[in-house]
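Structure file start38.csv (CSV, C-alpha atoms) follows.
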```csv
chain,number,residue,atom,x,y,z
A,253,VAL,CA,-6.0,-62.6,-12.8
A,254,PRO,CA,-9.1,-64.3,-14.1
A,255,GLY,CA,-9.5,-64.4,-17.8
A,256,ALA,CA,-11.1,-66.1,-20.8
A,257,TRP,CA,-9.5,-69.5,-20.3
A,258,ASP,CA,-10.4,-73.0,-19.2
A,259,LYS,CA,-8.5,-76.0,-18.0
A,260,ALA,CA,-7.7,-77.1,-21.5
A,261,GLU,CA,-6.2,-73.7,-22.4
A,262,GLY,CA,-4.4,-73.4,-19.1
A,263,SER,CA,-2.9,-76.9,-19.4
A,264,LEU,CA,-1.8,-76.2,-22.9
A,265,ARG,CA,-0.2,-72.9,-21.9
A,266,ALA,CA,1.6,-74.5,-19.0
A,267,LEU,CA,2.9,-77.3,-21.3
A,268,ALA,CA,4.1,-74.7,-23.8
A,269,ASP,CA,5.7,-72.5,-21.2
A,270,ARG,CA,7.4,-75.3,-19.3
A,271,PHE,CA,8.3,-77.8,-22.0
A,272,GLY,CA,8.0,-75.8,-25.2
A,273,MET,CA,5.2,-78.1,-26.5
A,274,THR,CA,2.9,-76.9,-29.2
A,275,ALA,CA,-0.8,-77.4,-28.5
A,276,GLU,CA,-1.1,-79.8,-31.5
A,277,HIS,CA,1.7,-82.0,-30.0
A,278,ALA,CA,0.5,-81.7,-26.4
A,279,VAL,CA,-3.1,-82.9,-27.1
A,280,ARG,CA,-1.7,-86.0,-28.8
A,281,ALA,CA,1.2,-86.7,-26.4
A,282,CYS,CA,-0.2,-85.9,-23.0
A,283,ALA,CA,-3.1,-87.3,-21.0
A,284,PHE,CA,-5.4,-85.0,-19.1
A,285,VAL,CA,-6.7,-86.4,-15.8
A,286,GLY,CA,-9.7,-84.8,-14.0
A,287,ASP,CA,-12.6,-85.3,-11.8
A,288,SER,CA,-15.2,-82.6,-12.1
A,289,GLY,CA,-17.4,-80.6,-14.4
A,290,ASN,CA,-14.9,-77.8,-14.8
A,291,ASP,CA,-12.6,-80.3,-16.6
A,292,ALA,CA,-15.0,-80.6,-19.5
A,293,ALA,CA,-13.0,-78.5,-22.0
A,294,ALA,CA,-9.8,-80.5,-21.3
A,295,PHE,CA,-11.7,-83.8,-21.6
A,296,ALA,CA,-12.8,-82.6,-25.1
A,297,ARG,CA,-9.5,-81.2,-26.2
A,298,PHE,CA,-7.0,-83.9,-25.2
A,299,GLU,CA,-7.0,-87.1,-27.2
A,300,THR,CA,-6.3,-89.1,-24.0
A,301,SER,CA,-8.5,-88.0,-21.2
A,302,VAL,CA,-9.1,-89.8,-17.9
A,303,GLY,CA,-11.6,-89.2,-15.2
A,304,VAL,CA,-11.0,-90.6,-11.8
A,305,ALA,CA,-14.1,-92.5,-10.5
A,306,ASN,CA,-15.7,-89.5,-8.7
A,307,VAL,CA,-16.2,-87.9,-12.2
A,308,ARG,CA,-19.1,-90.2,-12.6
A,309,GLU,CA,-21.3,-87.8,-10.6
A,310,HIS,CA,-20.7,-85.2,-13.3
A,311,LEU,CA,-20.9,-87.3,-16.5
A,312,SER,CA,-24.5,-86.4,-17.3
A,313,SER,CA,-23.7,-82.7,-17.4
A,314,LEU,CA,-20.4,-83.0,-19.5
A,315,PRO,CA,-20.6,-82.2,-23.2
A,316,ARG,CA,-17.9,-84.8,-23.7
A,317,ALA,CA,-17.0,-87.5,-21.1
A,318,PRO,CA,-13.4,-88.5,-20.5
A,319,ARG,CA,-12.3,-91.3,-22.8
A,320,PHE,CA,-11.5,-93.5,-19.7
A,321,VAL,CA,-12.7,-93.6,-16.1
A,322,THR,CA,-10.8,-95.3,-13.4
A,323,ALA,CA,-12.4,-97.7,-10.9
A,324,SER,CA,-11.0,-95.7,-7.9
A,325,PRO,CA,-11.8,-92.1,-6.9
A,326,ARG,CA,-9.5,-89.1,-6.2
A,327,GLY,CA,-5.8,-89.9,-5.5
A,328,GLU,CA,-6.3,-93.6,-5.6
A,329,GLY,CA,-7.8,-93.2,-9.1
A,330,PHE,CA,-4.7,-91.2,-10.2
A,331,ALA,CA,-2.5,-93.9,-8.7
A,332,GLU,CA,-4.5,-96.5,-10.6
A,333,LEU,CA,-3.8,-94.6,-13.8
A,334,VAL,CA,-0.1,-94.2,-13.2
```

Would you mind writing the file out in structure tokens?
Amino acid sequence: VPGAWDKAEGSLRALADRFGMTAEHAVRACAFVGDSGNDAAAFARFETSVGVANVREHLSSLPRAPRFVTASPRGEGFAELV
């Protein structure tokens, strides 16, 4: 059911439900990886945020850009990070 949430809150809820992590711990211990404008809240919330290269087309519209951007797009960008 749609609700008042975003990718930051959804990610934090999943980390709490699955791993028992508090939001305070999760935003310091986990990296968020994304590639689009709807990742903006998570880029702002997580201390380590990574955009795969195709996020560049959205950077001008993001209130806060990811801290890092990979050279490669999509899955290759994720593999580059890992």

Using all atoms listed in the file, the best pick from A:His310, A:Ala305, A:Ala275, A:Phe295 as closest to Ala323 in chain A would be A:Ala305

- Message: Under the rule that all atoms listed in the file are counted, which of A:Ala294, A:Arg308, A:Arg265, A:Thr300 is the nearest residue to Cys282 in chain A?
- Response: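 Of A:Ala294, A:Arg308, A:Arg265, A:Thr300, the one nearest Cys282 in chain A, counting all atoms listed in the file, is A:Thr300.
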
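Of note, CA of Gly286 in chain A and CA of Gly262 in chain A are spaced 13.6 Å apart.
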
### Message
If I take CA of Ala256 in chain A and CA of Glu276 in chain A, how far is one from the other in Å, to one decimal?
### Response
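Straight-line distance from CA of Ala256 in chain A to CA of Glu276 in chain A works out to 20.1 Å.
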
Env of Leu333 in chain A: 10 Å cut, atoms = all atoms listed in the file, seq-sep filter 6 positions within chain, self excluded. Answer as a PDB file with C-alpha atoms, in the coordinates of the input.
```pdb
ATOM      1  CA  VAL A 285      -6.700 -86.400 -15.800  1.00  0.00           C
ATOM      2  CA  VAL A 302      -9.100 -89.800 -17.900  1.00  0.00           C
ATOM      3  CA  GLY A 303     -11.600 -89.200 -15.200  1.00  0.00           C
ATOM      4  CA  VAL A 304     -11.000 -90.600 -11.800  1.00  0.00           C
ATOM      5  CA  PHE A 320     -11.500 -93.500 -19.700  1.00  0.00           C
ATOM      6  CA  VAL A 321     -12.700 -93.600 -16.100  1.00  0.00           C
ATOM      7  CA  THR A 322     -10.800 -95.300 -13.400  1.00  0.00           C
ATOM      8  CA  ALA A 323     -12.400 -97.700 -10.900  1.00  0.00           C
ATOM      9  CA  SER A 324     -11.000 -95.700  -7.900  1.00  0.00           C
ATOM     10  CA  GLY A 327      -5.800 -89.900  -5.500  1.00  0.00           C
TER      11      GLY A 327
END
```
